[in-house]
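data_26.pdb (PDB, C-alpha atoms)
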```pdb
ATOM      1  CA  MET A   1      -1.239   8.559  10.881  1.00  0.00           C
ATOM      2  CA  MET A   2      -1.972   4.979  11.978  1.00  0.00           C
ATOM      3  CA  ASN A   3       0.344   2.119  10.999  1.00  0.00           C
ATOM      4  CA  PHE A   4      -2.189  -0.508   9.944  1.00  0.00           C
ATOM      5  CA  ALA A   5       0.451  -3.237   9.509  1.00  0.00           C
ATOM      6  CA  LEU A   6       1.653  -3.199  13.121  1.00  0.00           C
ATOM      7  CA  ASN A   7       1.403  -6.670  14.713  1.00  0.00           C
ATOM      8  CA  LYS A   8      -0.856  -7.942  11.941  1.00  0.00           C
ATOM      9  CA  SER A   9      -0.697 -11.459  10.495  1.00  0.00           C
ATOM     10  CA  ALA A  10       2.301 -11.899   8.173  1.00  0.00           C
ATOM     11  CA  ASN A  11       3.672 -14.830   6.212  1.00  0.00           C
ATOM     12  CA  GLN A  12       6.515 -15.587   3.829  1.00  0.00           C
ATOM     13  CA  SER A  13       7.358 -18.276   1.300  1.00  0.00           C
ATOM     14  CA  THR A  14      10.115 -19.840   3.449  1.00  0.00           C
ATOM     15  CA  THR A  15      11.835 -18.953   6.727  1.00  0.00           C
ATOM     16  CA  LEU A  16      15.561 -18.630   7.270  1.00  0.00           C
ATOM     17  CA  THR A  17      17.069 -20.320  10.328  1.00  0.00           C
ATOM     18  CA  TYR A  18      20.534 -18.999  11.135  1.00  0.00           C
ATOM     19  CA  ASN A  19      22.602 -19.262  14.327  1.00  0.00           C
ATOM     20  CA  GLY A  20      19.597 -20.729  16.109  1.00  0.00           C
ATOM     21  CA  PHE A  21      17.340 -17.773  15.228  1.00  0.00           C
ATOM     22  CA  ASN A  22      14.228 -18.118  13.062  1.00  0.00           C
ATOM     23  CA  TRP A  23      13.805 -15.038  10.859  1.00  0.00           C
ATOM     24  CA  THR A  24      10.002 -15.274  10.866  1.00  0.00           C
ATOM     25  CA  ALA A  25       7.648 -13.034   8.871  1.00  0.00           C
ATOM     26  CA  ASP A  26       6.189 -11.357  11.975  1.00  0.00           C
ATOM     27  CA  LYS A  27       9.572  -9.723  12.711  1.00  0.00           C
ATOM     28  CA  ALA A  28       8.777  -7.248   9.908  1.00  0.00           C
ATOM     29  CA  VAL A  29       5.601  -5.953  11.577  1.00  0.00           C
ATOM     30  CA  ASP A  30       6.701  -5.798  15.234  1.00  0.00           C
ATOM     31  CA  GLY A  31       7.254  -2.030  15.257  1.00  0.00           C
ATOM     32  CA  ASN A  32      11.060  -2.282  15.407  1.00  0.00           C
ATOM     33  CA  THR A  33      12.725  -0.565  12.444  1.00  0.00           C
ATOM     34  CA  ASP A  34      16.286  -1.227  13.654  1.00  0.00           C
ATOM     35  CA  GLY A  35      17.954  -3.212  10.898  1.00  0.00           C
ATOM     36  CA  PHE A  36      21.466  -3.093  12.340  1.00  0.00           C
ATOM     37  CA  ASN A  37      23.133  -6.492  12.722  1.00  0.00           C
ATOM     38  CA  PRO A  38      19.890  -8.539  12.830  1.00  0.00           C
ATOM     39  CA  ASP A  39      21.951 -11.686  13.497  1.00  0.00           C
ATOM     40  CA  ILE A  40      22.181 -10.357  17.056  1.00  0.00           C
ATOM     41  CA  SER A  41      19.215  -7.983  17.391  1.00  0.00           C
ATOM     42  CA  MET A  42      16.824 -10.547  15.822  1.00  0.00           C
ATOM     43  CA  THR A  43      14.599  -7.813  14.398  1.00  0.00           C
ATOM     44  CA  CYS A  44      14.246  -8.837  10.738  1.00  0.00           C
ATOM     45  CA  SER A  45      12.394 -11.434   8.700  1.00  0.00           C
ATOM     46  CA  ALA A  46      14.096 -13.447   5.964  1.00  0.00           C
ATOM     47  CA  THR A  47      13.351 -16.226   3.527  1.00  0.00           C
ATOM     48  CA  ALA A  48      15.591 -19.281   3.353  1.00  0.00           C
ATOM     49  CA  PHE A  49      18.589 -19.549   1.041  1.00  0.00           C
ATOM     50  CA  ASN A  50      17.551 -21.097  -2.240  1.00  0.00           C
ATOM     51  CA  ILE A  51      19.757 -21.833  -5.232  1.00  0.00           C
ATOM     52  CA  SER A  52      16.746 -21.949  -7.555  1.00  0.00           C
ATOM     53  CA  PHE A  53      15.131 -18.936  -9.188  1.00  0.00           C
ATOM     54  CA  ALA A  54      11.852 -19.304  -7.336  1.00  0.00           C
ATOM     55  CA  ASN A  55       9.999 -16.244  -6.081  1.00  0.00           C
ATOM     56  CA  HIS A  56      10.757 -15.252  -2.502  1.00  0.00           C
ATOM     57  CA  THR A  57       7.658 -13.569  -1.074  1.00  0.00           C
ATOM     58  CA  TRP A  58       6.509 -11.809   2.091  1.00  0.00           C
ATOM     59  CA  GLU A  59       2.970 -10.607   2.826  1.00  0.00           C
ATOM     60  CA  VAL A  60       0.999  -8.869   5.577  1.00  0.00           C
ATOM     61  CA  ASP A  61      -2.772  -9.133   5.957  1.00  0.00           C
ATOM     62  CA  ILE A  62      -4.150  -5.908   7.433  1.00  0.00           C
ATOM     63  CA  GLY A  63      -7.445  -7.702   8.047  1.00  0.00           C
ATOM     64  CA  PHE A  64      -9.724  -5.278   6.214  1.00  0.00           C
ATOM     65  CA  PRO A  65      -9.443  -2.863   3.270  1.00  0.00           C
ATOM     66  CA  ILE A  66      -7.932   0.564   3.940  1.00  0.00           C
ATOM     67  CA  ILE A  67      -6.992   3.608   1.891  1.00  0.00           C
ATOM     68  CA  ALA A  68      -3.204   3.188   1.595  1.00  0.00           C
ATOM     69  CA  LYS A  69      -1.304   6.487   1.659  1.00  0.00           C
ATOM     70  CA  THR A  70       2.322   5.722   2.615  1.00  0.00           C
ATOM     71  CA  ILE A  71       4.150   2.382   2.643  1.00  0.00           C
ATOM     72  CA  THR A  72       7.689   2.241   4.024  1.00  0.00           C
ATOM     73  CA  VAL A  73       9.986  -0.771   3.641  1.00  0.00           C
ATOM     74  CA  TYR A  74      12.993  -0.960   5.985  1.00  0.00           C
ATOM     75  CA  GLY A  75      16.013  -3.079   5.108  1.00  0.00           C
ATOM     76  CA  ARG A  76      19.253  -3.841   6.907  1.00  0.00           C
ATOM     77  CA  THR A  77      21.332  -0.861   8.043  1.00  0.00           C
ATOM     78  CA  ASP A  78      24.625  -2.653   8.708  1.00  0.00           C
ATOM     79  CA  GLN A  79      26.181  -2.102   5.273  1.00  0.00           C
ATOM     80  CA  VAL A  80      24.900  -5.353   3.768  1.00  0.00           C
ATOM     81  CA  ASP A  81      24.459  -4.390   0.123  1.00  0.00           C
ATOM     82  CA  ASN A  82      21.704  -5.447  -2.238  1.00  0.00           C
ATOM     83  CA  GLN A  83      19.353  -6.819   0.427  1.00  0.00           C
ATOM     84  CA  LEU A  84      16.409  -5.017  -1.206  1.00  0.00           C
ATOM     85  CA  HIS A  85      17.679  -4.915  -4.769  1.00  0.00           C
ATOM     86  CA  GLY A  86      15.047  -6.125  -7.235  1.00  0.00           C
ATOM     87  CA  VAL A  87      12.219  -6.299  -4.688  1.00  0.00           C
ATOM     88  CA  THR A  88       8.754  -5.523  -6.057  1.00  0.00           C
ATOM     89  CA  LEU A  89       5.907  -4.129  -3.946  1.00  0.00           C
ATOM     90  CA  TYR A  90       2.268  -5.062  -4.564  1.00  0.00           C
ATOM     91  CA  LEU A  91      -1.093  -4.014  -3.166  1.00  0.00           C
ATOM     92  CA  GLY A  92      -4.210  -6.137  -3.429  1.00  0.00           C
ATOM     93  CA  ASN A  93      -7.484  -7.187  -1.859  1.00  0.00           C
ATOM     94  CA  THR A  94      -6.710 -10.881  -2.359  1.00  0.00           C
ATOM     95  CA  SER A  95      -3.929 -12.923  -0.775  1.00  0.00           C
ATOM     96  CA  GLY A  96      -1.148 -13.717  -3.198  1.00  0.00           C
ATOM     97  CA  PRO A  97      -1.171 -10.431  -5.151  1.00  0.00           C
ATOM     98  CA  TRP A  98       1.844 -11.486  -7.207  1.00  0.00           C
ATOM     99  CA  ASN A  99      -0.930 -13.167  -9.173  1.00  0.00           C
ATOM    100  CA  TYR A 100      -3.841 -10.781  -8.605  1.00  0.00           C
ATOM    101  CA  GLY A 101      -2.598  -7.517  -7.114  1.00  0.00           C
ATOM    102  CA  GLN A 102      -1.479  -4.191  -8.481  1.00  0.00           C
ATOM    103  CA  GLU A 103       2.244  -3.623  -8.927  1.00  0.00           C
ATOM    104  CA  LEU A 104       3.242  -0.245  -7.559  1.00  0.00           C
ATOM    105  CA  SER A 105       6.983  -0.020  -7.991  1.00  0.00           C
ATOM    106  CA  SER A 106      10.220  -1.971  -8.202  1.00  0.00           C
ATOM    107  CA  ILE A 107      13.364  -1.406  -6.144  1.00  0.00           C
ATOM    108  CA  HIS A 108      16.480  -1.309  -8.322  1.00  0.00           C
ATOM    109  CA  ASN A 109      19.212  -0.248  -5.905  1.00  0.00           C
ATOM    110  CA  HIS A 110      20.377  -1.111  -2.416  1.00  0.00           C
ATOM    111  CA  TYR A 111      19.332   1.764  -0.189  1.00  0.00           C
ATOM    112  CA  MET A 112      18.232   0.880   3.334  1.00  0.00           C
ATOM    113  CA  GLN A 113      14.724   2.361   3.270  1.00  0.00           C
ATOM    114  CA  TYR A 114      12.027   2.893   0.643  1.00  0.00           C
ATOM    115  CA  VAL A 115       8.938   5.067   0.834  1.00  0.00           C
ATOM    116  CA  PHE A 116       6.048   4.486  -1.570  1.00  0.00           C
ATOM    117  CA  LYS A 117       3.118   6.857  -2.027  1.00  0.00           C
ATOM    118  CA  PRO A 118       0.152   4.948  -3.486  1.00  0.00           C
ATOM    119  CA  ASP A 119      -2.585   6.966  -5.150  1.00  0.00           C
ATOM    120  CA  ASN A 120      -5.041   6.343  -2.306  1.00  0.00           C
ATOM    121  CA  ASP A 121      -5.405   2.731  -3.439  1.00  0.00           C
ATOM    122  CA  ILE A 122      -7.797   0.581  -1.428  1.00  0.00           C
ATOM    123  CA  ALA A 123      -6.099  -2.633  -0.327  1.00  0.00           C
ATOM    124  CA  ARG A 124      -6.032  -5.272   2.391  1.00  0.00           C
ATOM    125  CA  PHE A 125      -2.776  -7.078   1.537  1.00  0.00           C
ATOM    126  CA  VAL A 126       0.717  -5.622   1.097  1.00  0.00           C
ATOM    127  CA  SER A 127       3.245  -7.975  -0.460  1.00  0.00           C
ATOM    128  CA  LEU A 128       6.888  -8.031  -1.465  1.00  0.00           C
ATOM    129  CA  LYS A 129       8.450 -10.325  -4.059  1.00  0.00           C
ATOM    130  CA  ARG A 130      12.021 -11.024  -5.061  1.00  0.00           C
ATOM    131  CA  LEU A 131      13.137 -13.417  -7.759  1.00  0.00           C
ATOM    132  CA  GLY A 132      15.840 -15.936  -6.924  1.00  0.00           C
ATOM    133  CA  CYS A 133      17.517 -14.190  -3.969  1.00  0.00           C
ATOM    134  CA  ILE A 134      16.926 -14.229  -0.227  1.00  0.00           C
ATOM    135  CA  LEU A 135      14.380 -11.614   0.884  1.00  0.00           C
ATOM    136  CA  VAL A 136      15.320  -9.783   4.109  1.00  0.00           C
ATOM    137  CA  ILE A 137      12.750  -7.312   5.480  1.00  0.00           C
ATOM    138  CA  CYS A 138      13.317  -5.541   8.800  1.00  0.00           C
ATOM    139  CA  GLU A 139      10.019  -3.644   8.954  1.00  0.00           C
ATOM    140  CA  VAL A 140       7.054  -2.662   6.797  1.00  0.00           C
ATOM    141  CA  THR A 141       4.761   0.169   7.836  1.00  0.00           C
ATOM    142  CA  VAL A 142       1.463   0.877   6.092  1.00  0.00           C
ATOM    143  CA  GLU A 143      -0.010   4.264   6.892  1.00  0.00           C
ATOM    144  CA  GLY A 144      -3.449   5.165   5.666  1.00  0.00           C
ATOM    145  CA  ALA A 145      -7.048   5.839   6.566  1.00  0.00           C
ATOM    146  CA  CYS A 146     -10.296   3.951   6.975  1.00  0.00           C
ATOM    147  CA  ILE A 147     -12.371   3.563   3.838  1.00  0.00           C
ATOM    148  CA  HIS A 148     -15.419   5.806   3.529  1.00  0.00           C
ATOM    149  CA  GLY A 149     -18.205   4.705   5.838  1.00  0.00           C
ATOM    150  CA  THR A 150     -15.968   3.300   8.599  1.00  0.00           C
ATOM    151  CA  TYR A 151     -14.038   4.841  11.481  1.00  0.00           C
ATOM    152  CA  GLY A 152     -12.229   4.214  14.755  1.00  0.00           C
ATOM    153  CA  SER A 153      -9.478   1.851  15.848  1.00  0.00           C
ATOM    154  CA  GLY A 154      -9.242  -0.897  13.281  1.00  0.00           C
ATOM    155  CA  CYS A 155     -11.945   0.812  11.179  1.00  0.00           C
ATOM    156  CA  LYS A 156     -14.461  -1.523  12.820  1.00  0.00           C
ATOM    157  CA  GLU A 157     -17.184   1.066  13.406  1.00  0.00           C
ATOM    158  CA  THR A 158     -19.768   2.049  10.803  1.00  0.00           C
ATOM    159  CA  CYS A 159     -20.605   5.711  10.259  1.00  0.00           C
ATOM    160  CA  GLY A 160     -24.049   6.905  11.283  1.00  0.00           C
ATOM    161  CA  ASN A 161     -26.657   8.892   9.393  1.00  0.00           C
ATOM    162  CA  CYS A 162     -24.511  11.918   8.587  1.00  0.00           C
ATOM    163  CA  TYR A 163     -25.807  14.768   6.469  1.00  0.00           C
ATOM    164  CA  ASN A 164     -24.088  14.512   3.055  1.00  0.00           C
ATOM    165  CA  GLY A 165     -23.421  10.847   3.742  1.00  0.00           C
ATOM    166  CA  ASN A 166     -20.054   9.411   4.727  1.00  0.00           C
ATOM    167  CA  ILE A 167     -18.173  12.453   3.407  1.00  0.00           C
ATOM    168  CA  SER A 168     -18.818  14.313   6.658  1.00  0.00           C
ATOM    169  CA  CYS A 169     -18.009  11.329   8.934  1.00  0.00           C
ATOM    170  CA  LEU A 170     -14.670  11.733  10.720  1.00  0.00           C
ATOM    171  CA  LYS A 171     -12.521   8.606  10.379  1.00  0.00           C
ATOM    172  CA  THR A 172     -11.172   9.007  13.915  1.00  0.00           C
ATOM    173  CA  ASP A 173     -14.326   9.104  16.050  1.00  0.00           C
ATOM    174  CA  GLY A 174     -17.250   8.989  13.589  1.00  0.00           C
ATOM    175  CA  ASN A 175     -18.490  12.494  14.405  1.00  0.00           C
ATOM    176  CA  CYS A 176     -20.679  13.951  11.658  1.00  0.00           C
ATOM    177  CA  THR A 177     -19.168  17.372  10.997  1.00  0.00           C
ATOM    178  CA  GLU A 178     -22.200  18.633   9.054  1.00  0.00           C
ATOM    179  CA  GLY A 179     -24.867  17.261  11.361  1.00  0.00           C
ATOM    180  CA  CYS A 180     -27.404  14.494  10.815  1.00  0.00           C
ATOM    181  CA  THR A 181     -29.963  13.578   8.203  1.00  0.00           C
ATOM    182  CA  MET A 182     -33.646  13.970   8.981  1.00  0.00           C
ATOM    183  CA  GLY A 183     -34.807  11.748  11.807  1.00  0.00           C
ATOM    184  CA  TRP A 184     -31.438  11.392  13.558  1.00  0.00           C
ATOM    185  CA  HIS A 185     -29.392  13.268  16.149  1.00  0.00           C
ATOM    186  CA  GLY A 186     -26.247  13.027  18.276  1.00  0.00           C
ATOM    187  CA  ALA A 187     -22.554  13.553  17.495  1.00  0.00           C
ATOM    188  CA  ILE A 188     -22.376  10.362  15.412  1.00  0.00           C
ATOM    189  CA  CYS A 189     -26.012  10.507  14.244  1.00  0.00           C
ATOM    190  CA  LYS A 190     -26.993   7.048  15.426  1.00  0.00           C
ATOM    191  CA  SER A 191     -29.845   8.094  17.733  1.00  0.00           C
ATOM    192  CA  LYS A 192     -33.399   8.341  16.401  1.00  0.00           C
ATOM    193  CA  CYS A 193     -35.389  11.476  17.130  1.00  0.00           C
ATOM    194  CA  GLU A 194     -37.224  11.361  20.414  1.00  0.00           C
ATOM    195  CA  THR A 195     -41.009  11.428  20.326  1.00  0.00           C
ATOM    196  CA  GLY A 196     -42.177  14.951  19.568  1.00  0.00           C
ATOM    197  CA  SER A 197     -39.184  16.035  17.469  1.00  0.00           C
ATOM    198  CA  TYR A 198     -38.213  15.619  13.824  1.00  0.00           C
ATOM    199  CA  GLY A 199     -36.110  16.940  10.948  1.00  0.00           C
ATOM    200  CA  PHE A 200     -32.373  17.546  10.559  1.00  0.00           C
ATOM    201  CA  ASN A 201     -30.653  16.862  13.901  1.00  0.00           C
ATOM    202  CA  CYS A 202     -34.187  16.510  15.357  1.00  0.00           C
ATOM    203  CA  ASN A 203     -34.322  20.291  15.795  1.00  0.00           C
ATOM    204  CA  GLU A 204     -38.003  20.665  14.873  1.00  0.00           C
ATOM    205  CA  THR A 205     -40.947  20.214  17.248  1.00  0.00           C
ATOM    206  CA  CYS A 206     -43.994  18.255  16.133  1.00  0.00           C
ATOM    207  CA  GLY A 207     -47.250  20.125  15.573  1.00  0.00           C
ATOM    208  CA  HIS A 208     -50.800  19.448  16.755  1.00  0.00           C
ATOM    209  CA  CYS A 209     -51.290  15.939  15.394  1.00  0.00           C
ATOM    210  CA  LEU A 210     -54.700  14.383  15.977  1.00  0.00           C
ATOM    211  CA  LYS A 211     -53.240  11.319  17.663  1.00  0.00           C
ATOM    212  CA  GLY A 212     -50.439  13.148  19.432  1.00  0.00           C
ATOM    213  CA  ASN A 213     -46.710  13.035  18.792  1.00  0.00           C
ATOM    214  CA  ASN A 214     -46.710   9.288  18.183  1.00  0.00           C
ATOM    215  CA  ASN A 215     -48.330  10.042  14.830  1.00  0.00           C
ATOM    216  CA  CYS A 216     -45.698  12.634  13.851  1.00  0.00           C
ATOM    217  CA  SER A 217     -43.095  11.564  11.256  1.00  0.00           C
ATOM    218  CA  ASP A 218     -39.573  11.914  12.660  1.00  0.00           C
ATOM    219  CA  THR A 219     -38.245  12.933   9.237  1.00  0.00           C
ATOM    220  CA  ASN A 220     -40.612  15.655   7.975  1.00  0.00           C
ATOM    221  CA  GLY A 221     -43.030  16.139  10.886  1.00  0.00           C
ATOM    222  CA  GLN A 222     -46.086  15.180   8.855  1.00  0.00           C
ATOM    223  CA  CYS A 223     -49.129  14.207  10.926  1.00  0.00           C
ATOM    224  CA  ASN A 224     -50.248  11.036   9.212  1.00  0.00           C
ATOM    225  CA  GLY A 225     -53.604  10.887  11.013  1.00  0.00           C
ATOM    226  CA  GLY A 226     -54.555  14.500  10.480  1.00  0.00           C
ATOM    227  CA  CYS A 227     -54.666  17.478  12.838  1.00  0.00           C
ATOM    228  CA  GLN A 228     -56.373  18.341  16.068  1.00  0.00           C
ATOM    229  CA  PRO A 229     -59.407  20.619  15.786  1.00  0.00           C
ATOM    230  CA  GLY A 230     -58.404  24.157  14.949  1.00  0.00           C
ATOM    231  CA  TRP A 231     -55.182  23.232  13.161  1.00  0.00           C
ATOM    232  CA  THR A 232     -54.294  22.492   9.548  1.00  0.00           C
ATOM    233  CA  GLY A 233     -51.369  21.733   7.212  1.00  0.00           C
ATOM    234  CA  GLU A 234     -49.189  18.644   6.786  1.00  0.00           C
ATOM    235  CA  THR A 235     -47.417  19.338  10.070  1.00  0.00           C
ATOM    236  CA  CYS A 236     -50.523  20.754  11.786  1.00  0.00           C
ATOM    237  CA  LYS A 237     -48.775  23.960  12.761  1.00  0.00           C
ATOM    238  CA  SER A 238     -51.104  26.383  10.995  1.00  0.00           C
ATOM    239  CA  ALA A 239     -54.111  27.610  12.940  1.00  0.00           C
ATOM    240  CA  LYS A 240     -57.405  27.513  11.086  1.00  0.00           C
ATOM    241  CA  VAL A 241     -58.911  30.909  10.440  1.00  0.00           C
ATOM    242  CA  SER A 242     -62.590  31.172  11.300  1.00  0.00           C
ATOM    243  CA  ILE A 243     -64.671  33.138   8.819  1.00  0.00           C
ATOM    244  CA  PHE A 244     -67.885  34.684  10.122  1.00  0.00           C
ATOM    245  CA  ILE A 245     -70.615  35.738   7.703  1.00  0.00           C
TER
END
```
Would it be possible to restate this file's structure as structure tokens?
Amino acid sequence: MMNFALNKSANQSTTLTYNGFNWTADKAVDGNTDGFNPDISMTCSATAFNISFANHTWEVDIGFPIIAKTITVYGRTDQVDNQLHGVTLYLGNTSGPWNYGQELSSIHNHYMQYVFKPDNDIARFVSLKRLGCILVICEVTVEGACIHGTYGSGCKETCGNCYNGNISCLKTDGNCTEGCTMGWHGAICKSKCETGSYGFNCNETCGHCLKGNNNCSDTNGQCNGGCQPGWTGETCKSAKVSIFI
């Protein structure tokens, strides 16, 4: 499953500078989950020391809403206790979700890694907040899926005209697993029927329209200008029967 947080824009309330190293927010979305001795490995983000009881916050902007399925927070692994104690995780579609977002869970011990399973919440921002104490985050991964109607890398592509709507649109490549609606064809159902064809997946052939195939509806095959002599019906596929008296 794709990690939507990887190398995305991240920010934090303050930045710790220690031993000449800036513990910037982007260190928590660089793909490196090694939290051992970050003073040397320089793999973690951290807010600055603060004697007040202000909120210490960290946030990543995925760039677009996704369906969040698994969020993992990695802390230090070098026996530094309480680095994640009291941290609260939020999801939201607006920056600054400690004001507007949905609180998912609070961390009340000092384990090194936390896995959260949101209930398929749709969110763009993932944020962490800690009251009063320095906030050290070594990595945050956000696994999920594109929202319905989008697909591909970065969920930047829009699904085509799939039969049964976006339900049958694969989020990986946009293929319509149940075919196309009337008037469309192709794997992703973004190509209009060619002249002379119509219906679901463009599998039907136009009838004997009076003005040729250009007058044949690509959805239902109806000949809007009537039929050629000798043919009848909305699609002009029924031969007229001559009655002799």
Check: If you apply the PyMOL selection byres ((chain A and resi 205) around 12) to this file, what residues do you get, as JSON, numbers by chain?
Finding: {"A": [183, 193, 194, 195, 196, 197, 198, 199, 200, 201, 202, 203, 204, 206, 207, 208, 209, 213, 216, 217, 218, 219, 220, 221, 222, 223, 235, 236, 237]}
Next item on the list: Name every residue that the PyMOL selection byres ((chain A and resi 137) around 9) selects in this structure, writing the answer as an MDAnalysis selection string with chains first and numbers rising.
Entry: chainID A and resid 25 27:28 35 44:46 58 73:76 83:84 135:136 138:140
Checklist line | From A:Thr150, A:Trp184, A:Lys171, A:Gly226, residue lying nearest A:Lys211 [all atoms listed in the file] | finding: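 Counting all atoms listed in the file, the residue closest to A:Lys211 is A:Gly226.
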Next item on the list: Identify all residues satisfying the PyMOL selection byres ((chain A and resi 31) around 10) in the given file; provide them as a list of chain:residue names.
Entry: A:Asn3, A:Ala5, A:Leu6, A:Asn7, A:Asp26, A:Lys27, A:Ala28, A:Val29, A:Asp30, A:Asn32, A:Thr33, A:Asp34, A:Thr43, A:Cys138, A:Glu139, A:Val140, A:Thr141
Next item on the list: Take atom CA of A:Tyr163 and atom CA of A:Ser191 and report the distance between them in Å, one decimal.
Entry: 13.7 Å
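Atom pair atom CA of A:Tyr114 / atom CA of A:Val87 has a distance of 10.6 Å (rounded to one decimal).
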Margin query: To one decimal place in Å, what is the distance between atom CA of A:Pro38 and atom CA of A:Leu131?
Written below: 22.2 Å
Item checked: Best match for closeness to A:Cys159 among A:His185, A:Arg124, A:His56, A:Lys190, counting all atoms listed in the file ->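 Smallest distance to A:Cys159 is found for A:Lys190.
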Centre and edge lengths, as JSON, for the axis-aligned box enclosing every listed atom of stretch 141-158 of chain A with 5 Å of padding on each of the six sides, in Å to one decimal?
```
{"center_x": -7.5, "center_y": 2.2, "center_z": 9.7, "size_x": 34.5, "size_y": 17.4, "size_z": 22.3}
```
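The residue that comes closest to A:Met182, out of A:Lys8, A:Ile167, A:Asn161, A:Ala54 and on the basis of all atoms listed in the file, is A:Asn161.
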Pick out the residues sitting within 6 Å of A:Ala48, and hand them over as a PDB file with C-alpha atoms, keeping the file's coordinate frame; count all atoms listed in the file, and ignore anything fewer than 6 positions along from it in its own chain.
```
ATOM      1  CA  THR A  14      10.115 -19.840   3.449  1.00  0.00           C
ATOM      2  CA  THR A  15      11.835 -18.953   6.727  1.00  0.00           C
ATOM      3  CA  LEU A  16      15.561 -18.630   7.270  1.00  0.00           C
TER       4      LEU A  16
END
```
Next item on the list: Choose the residue, out of A:Thr181, A:Ser127, A:Asn93, A:Ser153, that has the smallest atom-to-atom separation from A:Ser13; count all atoms listed in the file.
Entry: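 Using all atoms listed in the file, A:Ser13 sits closest to A:Ser127.
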If we count all atoms listed in the file and set the cut-off at 9 Å, which residues sit around A:Gly154, ignoring sequence neighbours fewer than 3 positions away in its own chain? Please answer as an mmCIF file with C-alpha atoms, in the frame of the given file.
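Just written: out08.cif:
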```cif
data_model
loop_
_atom_site.group_PDB
_atom_site.id
_atom_site.type_symbol
_atom_site.label_atom_id
_atom_site.label_comp_id
_atom_site.auth_asym_id
_atom_site.auth_seq_id
_atom_site.Cartn_x
_atom_site.Cartn_y
_atom_site.Cartn_z
ATOM 1 C CA PHE A 4 -2.189 -0.508 9.944
ATOM 2 C CA GLY A 63 -7.445 -7.702 8.047
ATOM 3 C CA PHE A 64 -9.724 -5.278 6.214
ATOM 4 C CA CYS A 146 -10.296 3.951 6.975
ATOM 5 C CA TYR A 151 -14.038 4.841 11.481
ATOM 6 C CA GLU A 157 -17.184 1.066 13.406
#
```
Check: Within 8 Å of A:Met2, counting all atoms listed in the file, which residues qualify if same-chain residues fewer than 4 places away don't, as a VMD selection string?
Finding: chain A and resid 142 to 145
Please dump the current selection as a tab-separated table (two decimals), in the frame of the given file; keep C-alpha atoms.
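Writing done, so here's again-v4.tsv:
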```tsv
chain	number	residue	atom	x	y	z
A	142	VAL	CA	1.46	0.88	6.09
A	143	GLU	CA	-0.01	4.26	6.89
A	144	GLY	CA	-3.45	5.16	5.67
A	145	ALA	CA	-7.05	5.84	6.57
```
